[in-house]
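Student: Structure supplied as start_2.cif; contents: mmCIF, N, CA and C atoms.
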```cif
data_model
loop_
_atom_site.label_atom_id
_atom_site.label_comp_id
_atom_site.auth_asym_id
_atom_site.auth_seq_id
_atom_site.Cartn_x
_atom_site.Cartn_y
_atom_site.Cartn_z
N LYS A 1 0.82 -1.20 0.00
CA LYS A 1 0.00 0.00 0.00
C LYS A 1 0.86 1.26 0.00
N LEU A 2 2.01 1.21 0.67
CA LEU A 2 2.91 2.35 0.74
C LEU A 2 3.45 2.69 -0.65
N VAL A 3 3.84 1.68 -1.40
CA VAL A 3 4.36 1.90 -2.75
C VAL A 3 3.25 2.39 -3.68
N GLU A 4 2.04 1.87 -3.50
CA GLU A 4 0.91 2.33 -4.32
C GLU A 4 0.62 3.80 -4.05
N ALA A 5 0.69 4.22 -2.79
CA ALA A 5 0.47 5.62 -2.44
C ALA A 5 1.57 6.50 -3.03
N LEU A 6 2.81 6.02 -3.01
CA LEU A 6 3.92 6.75 -3.64
C LEU A 6 3.67 6.89 -5.13
N ASP A 7 3.23 5.83 -5.79
CA ASP A 7 2.96 5.88 -7.23
C ASP A 7 1.87 6.90 -7.55
N ARG A 8 0.80 6.93 -6.74
CA ARG A 8 -0.26 7.92 -6.96
C ARG A 8 0.26 9.34 -6.79
N ALA A 9 1.10 9.56 -5.79
CA ALA A 9 1.65 10.90 -5.56
C ALA A 9 2.55 11.33 -6.71
N ILE A 10 3.34 10.40 -7.24
CA ILE A 10 4.22 10.73 -8.37
C ILE A 10 3.39 11.03 -9.61
N GLN A 11 2.31 10.29 -9.81
CA GLN A 11 1.43 10.56 -10.96
C GLN A 11 0.79 11.93 -10.85
N LYS A 12 0.45 12.36 -9.64
CA LYS A 12 -0.17 13.67 -9.43
C LYS A 12 0.85 14.81 -9.45
N ALA A 13 2.13 14.47 -9.37
CA ALA A 13 3.18 15.48 -9.21
C ALA A 13 3.36 16.35 -10.45
N GLY A 14 2.80 16.01 -11.53
CA GLY A 14 2.90 16.86 -12.71
C GLY A 14 3.19 16.05 -13.95
N PRO A 15 3.15 16.72 -15.06
CA PRO A 15 3.35 16.02 -16.33
C PRO A 15 4.80 15.54 -16.48
N LEU A 16 4.94 14.47 -17.21
CA LEU A 16 6.26 13.92 -17.49
C LEU A 16 6.91 14.80 -18.55
N ILE A 17 8.10 15.29 -18.24
CA ILE A 17 8.81 16.18 -19.15
C ILE A 17 9.91 15.38 -19.84
N GLY A 18 10.02 15.55 -21.16
CA GLY A 18 11.00 14.81 -21.93
C GLY A 18 12.42 15.10 -21.53
N HIS A 19 12.76 16.36 -21.31
CA HIS A 19 14.12 16.75 -20.95
C HIS A 19 14.07 17.58 -19.68
N GLU A 20 14.37 16.95 -18.60
CA GLU A 20 14.36 17.65 -17.32
C GLU A 20 15.80 17.85 -16.86
N VAL A 21 16.14 19.09 -16.57
CA VAL A 21 17.48 19.40 -16.08
C VAL A 21 17.36 19.77 -14.61
N ALA A 22 18.03 19.01 -13.78
CA ALA A 22 17.98 19.26 -12.35
C ALA A 22 19.14 20.17 -11.97
N VAL A 23 18.82 21.36 -11.46
CA VAL A 23 19.84 22.30 -11.05
C VAL A 23 20.26 22.02 -9.61
N ASP A 24 19.29 21.79 -8.75
CA ASP A 24 19.57 21.53 -7.34
C ASP A 24 19.76 20.04 -7.11
N ARG A 25 20.64 19.73 -6.19
CA ARG A 25 20.82 18.34 -5.80
C ARG A 25 19.69 17.95 -4.87
N LEU A 26 19.31 16.70 -4.92
CA LEU A 26 18.28 16.15 -4.07
C LEU A 26 18.82 16.07 -2.64
N SER A 27 18.19 16.77 -1.71
CA SER A 27 18.68 16.80 -0.34
C SER A 27 17.67 16.14 0.60
N ILE A 28 18.00 14.95 1.05
CA ILE A 28 17.14 14.24 1.98
C ILE A 28 17.17 14.92 3.34
N THR A 29 18.30 15.50 3.70
CA THR A 29 18.41 16.21 4.98
C THR A 29 17.41 17.36 5.03
N ASP A 30 17.31 18.13 3.94
CA ASP A 30 16.33 19.22 3.88
C ASP A 30 14.91 18.67 3.95
N ALA A 31 14.67 17.56 3.26
CA ALA A 31 13.33 16.96 3.27
C ALA A 31 12.98 16.47 4.68
N ILE A 32 13.94 15.91 5.39
CA ILE A 32 13.70 15.47 6.77
C ILE A 32 13.31 16.66 7.63
N SER A 33 14.00 17.78 7.47
CA SER A 33 13.67 18.99 8.24
C SER A 33 12.26 19.48 7.92
N ARG A 34 11.90 19.46 6.62
CA ARG A 34 10.54 19.90 6.22
C ARG A 34 9.48 18.98 6.81
N VAL A 35 9.69 17.67 6.73
CA VAL A 35 8.72 16.71 7.26
C VAL A 35 8.59 16.88 8.77
N ALA A 36 9.72 17.05 9.46
CA ALA A 36 9.69 17.24 10.91
C ALA A 36 8.91 18.49 11.28
N GLU A 37 9.12 19.57 10.53
CA GLU A 37 8.40 20.82 10.80
C GLU A 37 6.89 20.65 10.62
N VAL A 38 6.50 19.99 9.54
CA VAL A 38 5.08 19.78 9.28
C VAL A 38 4.46 18.91 10.36
N LEU A 39 5.16 17.85 10.77
CA LEU A 39 4.60 16.95 11.78
C LEU A 39 4.61 17.56 13.18
N ARG A 40 5.49 18.49 13.43
CA ARG A 40 5.43 19.20 14.72
C ARG A 40 4.16 20.05 14.79
N LEU A 41 3.74 20.58 13.65
CA LEU A 41 2.54 21.41 13.61
C LEU A 41 1.26 20.59 13.64
N HIS A 42 1.22 19.51 12.86
CA HIS A 42 -0.01 18.76 12.67
C HIS A 42 -0.07 17.44 13.44
N ARG A 43 1.07 16.91 13.85
CA ARG A 43 1.21 15.65 14.58
C ARG A 43 0.79 14.42 13.78
N ARG A 44 -0.22 14.55 12.90
CA ARG A 44 -0.69 13.39 12.12
C ARG A 44 -1.22 13.87 10.78
N LEU A 45 -0.76 13.24 9.70
CA LEU A 45 -1.21 13.56 8.34
C LEU A 45 -1.34 12.27 7.54
N SER A 46 -2.13 12.32 6.50
CA SER A 46 -2.15 11.17 5.60
C SER A 46 -0.84 11.18 4.82
N PHE A 47 -0.41 10.00 4.42
CA PHE A 47 0.84 9.85 3.69
C PHE A 47 0.79 10.64 2.38
N GLU A 48 -0.34 10.61 1.70
CA GLU A 48 -0.48 11.32 0.43
C GLU A 48 -0.44 12.83 0.62
N GLU A 49 -1.03 13.34 1.70
CA GLU A 49 -0.95 14.78 1.98
C GLU A 49 0.49 15.21 2.24
N LEU A 50 1.21 14.38 2.96
CA LEU A 50 2.60 14.69 3.27
C LEU A 50 3.46 14.71 2.00
N LEU A 51 3.23 13.76 1.10
CA LEU A 51 3.99 13.72 -0.15
C LEU A 51 3.61 14.86 -1.09
N ALA A 52 2.36 15.30 -1.03
CA ALA A 52 1.89 16.35 -1.94
C ALA A 52 2.52 17.70 -1.63
N GLY A 53 2.95 17.91 -0.40
CA GLY A 53 3.58 19.18 -0.04
C GLY A 53 2.57 20.20 0.44
N PRO A 54 3.04 21.39 0.80
CA PRO A 54 2.18 22.40 1.41
C PRO A 54 1.08 22.91 0.48
N ASP A 55 1.37 23.03 -0.79
CA ASP A 55 0.35 23.54 -1.72
C ASP A 55 -0.26 22.43 -2.57
N GLY A 56 0.11 21.17 -2.29
CA GLY A 56 -0.42 20.05 -3.03
C GLY A 56 0.16 19.88 -4.42
N ARG A 57 1.29 20.55 -4.68
CA ARG A 57 1.86 20.52 -6.03
C ARG A 57 3.36 20.26 -6.02
N ASN A 58 3.80 19.29 -5.25
CA ASN A 58 5.22 18.95 -5.25
C ASN A 58 5.62 18.37 -6.60
N ASN A 59 6.84 18.65 -7.04
CA ASN A 59 7.33 18.02 -8.26
C ASN A 59 7.87 16.63 -7.92
N ARG A 60 8.26 15.89 -8.93
CA ARG A 60 8.70 14.50 -8.71
C ARG A 60 9.89 14.41 -7.76
N SER A 61 10.85 15.30 -7.92
CA SER A 61 12.03 15.26 -7.05
C SER A 61 11.64 15.49 -5.60
N ALA A 62 10.74 16.42 -5.35
CA ALA A 62 10.30 16.70 -3.99
C ALA A 62 9.52 15.53 -3.40
N VAL A 63 8.70 14.88 -4.22
CA VAL A 63 7.95 13.71 -3.76
C VAL A 63 8.91 12.59 -3.36
N ILE A 64 9.91 12.33 -4.18
CA ILE A 64 10.88 11.26 -3.89
C ILE A 64 11.71 11.61 -2.67
N ALA A 65 12.15 12.86 -2.54
CA ALA A 65 12.93 13.28 -1.37
C ALA A 65 12.09 13.13 -0.10
N THR A 66 10.82 13.51 -0.18
CA THR A 66 9.94 13.40 0.99
C THR A 66 9.72 11.94 1.35
N PHE A 67 9.53 11.09 0.35
CA PHE A 67 9.34 9.65 0.60
C PHE A 67 10.56 9.07 1.30
N LEU A 68 11.75 9.39 0.81
CA LEU A 68 12.98 8.89 1.44
C LEU A 68 13.15 9.45 2.85
N ALA A 69 12.76 10.71 3.04
CA ALA A 69 12.84 11.32 4.37
C ALA A 69 11.91 10.60 5.35
N VAL A 70 10.71 10.28 4.90
CA VAL A 70 9.75 9.57 5.76
C VAL A 70 10.30 8.19 6.14
N LEU A 71 10.87 7.48 5.17
CA LEU A 71 11.45 6.17 5.47
C LEU A 71 12.60 6.28 6.47
N GLU A 72 13.47 7.26 6.27
CA GLU A 72 14.60 7.44 7.20
C GLU A 72 14.11 7.82 8.59
N MET A 73 13.11 8.69 8.67
CA MET A 73 12.57 9.09 9.97
C MET A 73 11.88 7.93 10.67
N ALA A 74 11.23 7.06 9.90
CA ALA A 74 10.62 5.86 10.50
C ALA A 74 11.71 4.93 11.03
N ARG A 75 12.80 4.80 10.28
CA ARG A 75 13.92 3.97 10.74
C ARG A 75 14.51 4.51 12.04
N LEU A 76 14.55 5.84 12.16
CA LEU A 76 15.08 6.48 13.37
C LEU A 76 14.05 6.56 14.49
N ARG A 77 12.86 6.04 14.23
CA ARG A 77 11.74 6.03 15.20
C ARG A 77 11.30 7.44 15.59
N LEU A 78 11.34 8.35 14.64
CA LEU A 78 10.86 9.71 14.87
C LEU A 78 9.40 9.85 14.49
N LEU A 79 8.92 8.92 13.67
CA LEU A 79 7.52 8.94 13.29
C LEU A 79 7.04 7.51 13.12
N ARG A 80 5.74 7.39 13.02
CA ARG A 80 5.10 6.08 12.91
C ARG A 80 4.25 6.09 11.65
N ILE A 81 4.31 5.05 10.86
CA ILE A 81 3.51 4.92 9.65
C ILE A 81 2.57 3.74 9.87
N PHE A 82 1.27 3.97 9.69
CA PHE A 82 0.31 2.88 9.86
C PHE A 82 -0.88 3.10 8.94
N GLN A 83 -1.63 2.04 8.74
CA GLN A 83 -2.82 2.13 7.92
C GLN A 83 -4.02 2.16 8.86
N ALA A 84 -4.79 3.24 8.73
CA ALA A 84 -5.97 3.40 9.58
C ALA A 84 -6.94 2.27 9.29
N PRO A 85 -7.61 1.77 10.32
CA PRO A 85 -8.55 0.66 10.09
C PRO A 85 -9.67 1.11 9.17
N GLY A 86 -9.98 0.25 8.21
CA GLY A 86 -11.05 0.56 7.26
C GLY A 86 -12.34 -0.12 7.68
N ASP A 87 -13.35 0.11 6.89
CA ASP A 87 -14.62 -0.56 7.14
C ASP A 87 -14.85 -1.58 6.03
N GLU A 88 -16.02 -2.19 5.99
CA GLU A 88 -16.29 -3.22 4.99
C GLU A 88 -16.30 -2.63 3.58
N ALA A 89 -16.69 -1.37 3.44
CA ALA A 89 -16.76 -0.74 2.12
C ALA A 89 -15.37 -0.45 1.57
N SER A 90 -14.43 -0.07 2.44
CA SER A 90 -13.06 0.23 1.99
C SER A 90 -12.06 -0.43 2.93
N PRO A 91 -11.77 -1.72 2.69
CA PRO A 91 -10.88 -2.43 3.62
C PRO A 91 -9.46 -1.87 3.68
N GLY A 92 -8.97 -1.28 2.62
CA GLY A 92 -7.63 -0.71 2.63
C GLY A 92 -7.72 0.80 2.70
N SER A 93 -7.86 1.34 3.89
CA SER A 93 -8.01 2.78 4.00
C SER A 93 -6.66 3.47 3.95
N GLU A 94 -6.65 4.78 4.17
CA GLU A 94 -5.46 5.59 3.95
C GLU A 94 -4.32 5.26 4.91
N ILE A 95 -3.12 5.56 4.45
CA ILE A 95 -1.92 5.39 5.26
C ILE A 95 -1.68 6.69 6.01
N VAL A 96 -1.38 6.59 7.28
CA VAL A 96 -1.23 7.76 8.14
C VAL A 96 0.20 7.83 8.66
N VAL A 97 0.74 9.05 8.71
CA VAL A 97 2.07 9.30 9.27
C VAL A 97 1.86 10.13 10.53
N GLU A 98 2.40 9.66 11.64
CA GLU A 98 2.18 10.31 12.93
C GLU A 98 3.52 10.57 13.61
N ALA A 99 3.68 11.76 14.16
CA ALA A 99 4.91 12.10 14.88
C ALA A 99 4.95 11.34 16.20
N ARG A 100 6.11 10.88 16.56
CA ARG A 100 6.30 10.26 17.88
C ARG A 100 6.77 11.34 18.85
N GLU A 101 6.81 11.00 20.12
CA GLU A 101 7.25 11.94 21.14
C GLU A 101 8.70 12.34 20.91
N THR A 102 9.48 11.47 20.28
CA THR A 102 10.90 11.76 20.04
C THR A 102 11.09 12.85 19.00
N LEU A 103 10.01 13.27 18.33
CA LEU A 103 10.10 14.32 17.32
C LEU A 103 9.78 15.66 17.98
N GLY A 104 10.34 15.88 19.15
CA GLY A 104 10.13 17.15 19.85
C GLY A 104 10.98 18.24 19.25
N GLU A 105 10.90 19.41 19.84
CA GLU A 105 11.70 20.55 19.36
C GLU A 105 13.18 20.20 19.39
N GLY A 106 13.84 20.37 18.28
CA GLY A 106 15.28 20.16 18.21
C GLY A 106 15.72 18.72 18.12
N ALA A 107 14.77 17.77 18.02
CA ALA A 107 15.14 16.36 17.97
C ALA A 107 15.77 15.99 16.64
N VAL A 108 15.36 16.67 15.56
CA VAL A 108 15.92 16.37 14.24
C VAL A 108 16.94 17.42 13.91
N GLN A 109 18.18 17.00 13.81
CA GLN A 109 19.26 17.90 13.44
C GLN A 109 20.00 17.27 12.27
N ALA A 110 20.70 18.09 11.54
CA ALA A 110 21.47 17.56 10.42
C ALA A 110 22.50 16.57 10.94
N ALA A 111 22.48 15.40 10.38
CA ALA A 111 23.43 14.37 10.78
C ALA A 111 24.79 14.69 10.20
N PRO A 112 25.86 14.15 10.78
CA PRO A 112 27.18 14.41 10.22
C PRO A 112 27.27 13.93 8.77
N GLU A 113 26.56 12.86 8.44
CA GLU A 113 26.53 12.37 7.05
C GLU A 113 25.35 13.04 6.36
N ASP A 114 25.62 13.78 5.33
CA ASP A 114 24.57 14.52 4.63
C ASP A 114 23.97 13.62 3.56
N TYR A 115 22.65 13.43 3.61
CA TYR A 115 21.95 12.57 2.66
C TYR A 115 21.70 13.36 1.39
N ARG A 116 22.54 13.26 0.42
CA ARG A 116 22.36 13.93 -0.87
C ARG A 116 22.48 12.93 -1.98
#
```
So that I can check it, write out the structure of this file as structure tokens.
Tutor:
Amino acid sequence: KLVEALDRAIQKAGPLIGHEVAVDRLSITDAISRVAEVLRLHRRLSFEELLAGPDGRNNRSAVIATFLAVLEMARLRLLRIFQAPGDEASPGSEIVVEARETLGEGAVQAAPEDYR
């Protein structure tokens, strides 16, 4: 379900461009900081809302960076990813990302190894 949600977010991220030139390097460290900031404010969001970004229009690079940031933060036990219980009509309901107590103020700092 997690990969399916990522695929939907990438499909919504915008049209496929034949020649895309990336000027900025993909920074997972920056994405981790953005995700931590959003989860400090909201504590719980759907996975698709988190991938879509603040205005709902993240580009593909931002979606992928956010996805990798969420996986790294889950590995570090800073957040929890779970699927909300569904009902009989929709057995596979949305995936939810929730901040843990360890995601307090100042808990996420740039690691000595920069994820780029």
Student: Exactly which residues make up the result of the PyMOL selection byres ((chain A and resi 51) around 6.5) on this file, given as a list in words?
Tutor: Ala9, Ser46, Phe47, Glu48, Glu49, Leu50, Ala52, Gly53, Asn58, Ala62, Val63, Thr66 and Phe67 of chain A
Student: Could you tell me, as a VMD selection string, exactly which residues end up selected when the PyMOL selection byres (((chain A and resi 93-99 and name CA) around 7) and name CA) is applied to this structure?
Tutor: chain A and resid 39 43 to 47 78 to 86 90 to 92 100 to 101 103
Student: Rounded to one decimal place, report the atom N of A:Gly14-atom C of A:Ile64 distance in Å.
Tutor: 13.3 Å
Student: Point out the residue among A:Ala31, A:Ile10, A:Ala36, A:Leu26 with the least atom-to-atom distance to A:Arg60, counting only C-alpha atoms.
Tutor: A:Ile10
Student: Mind pulling up the distance from atom C of A:Arg75 to atom CA of A:Gln11?
Tutor: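 It comes out at 27.1 Å.
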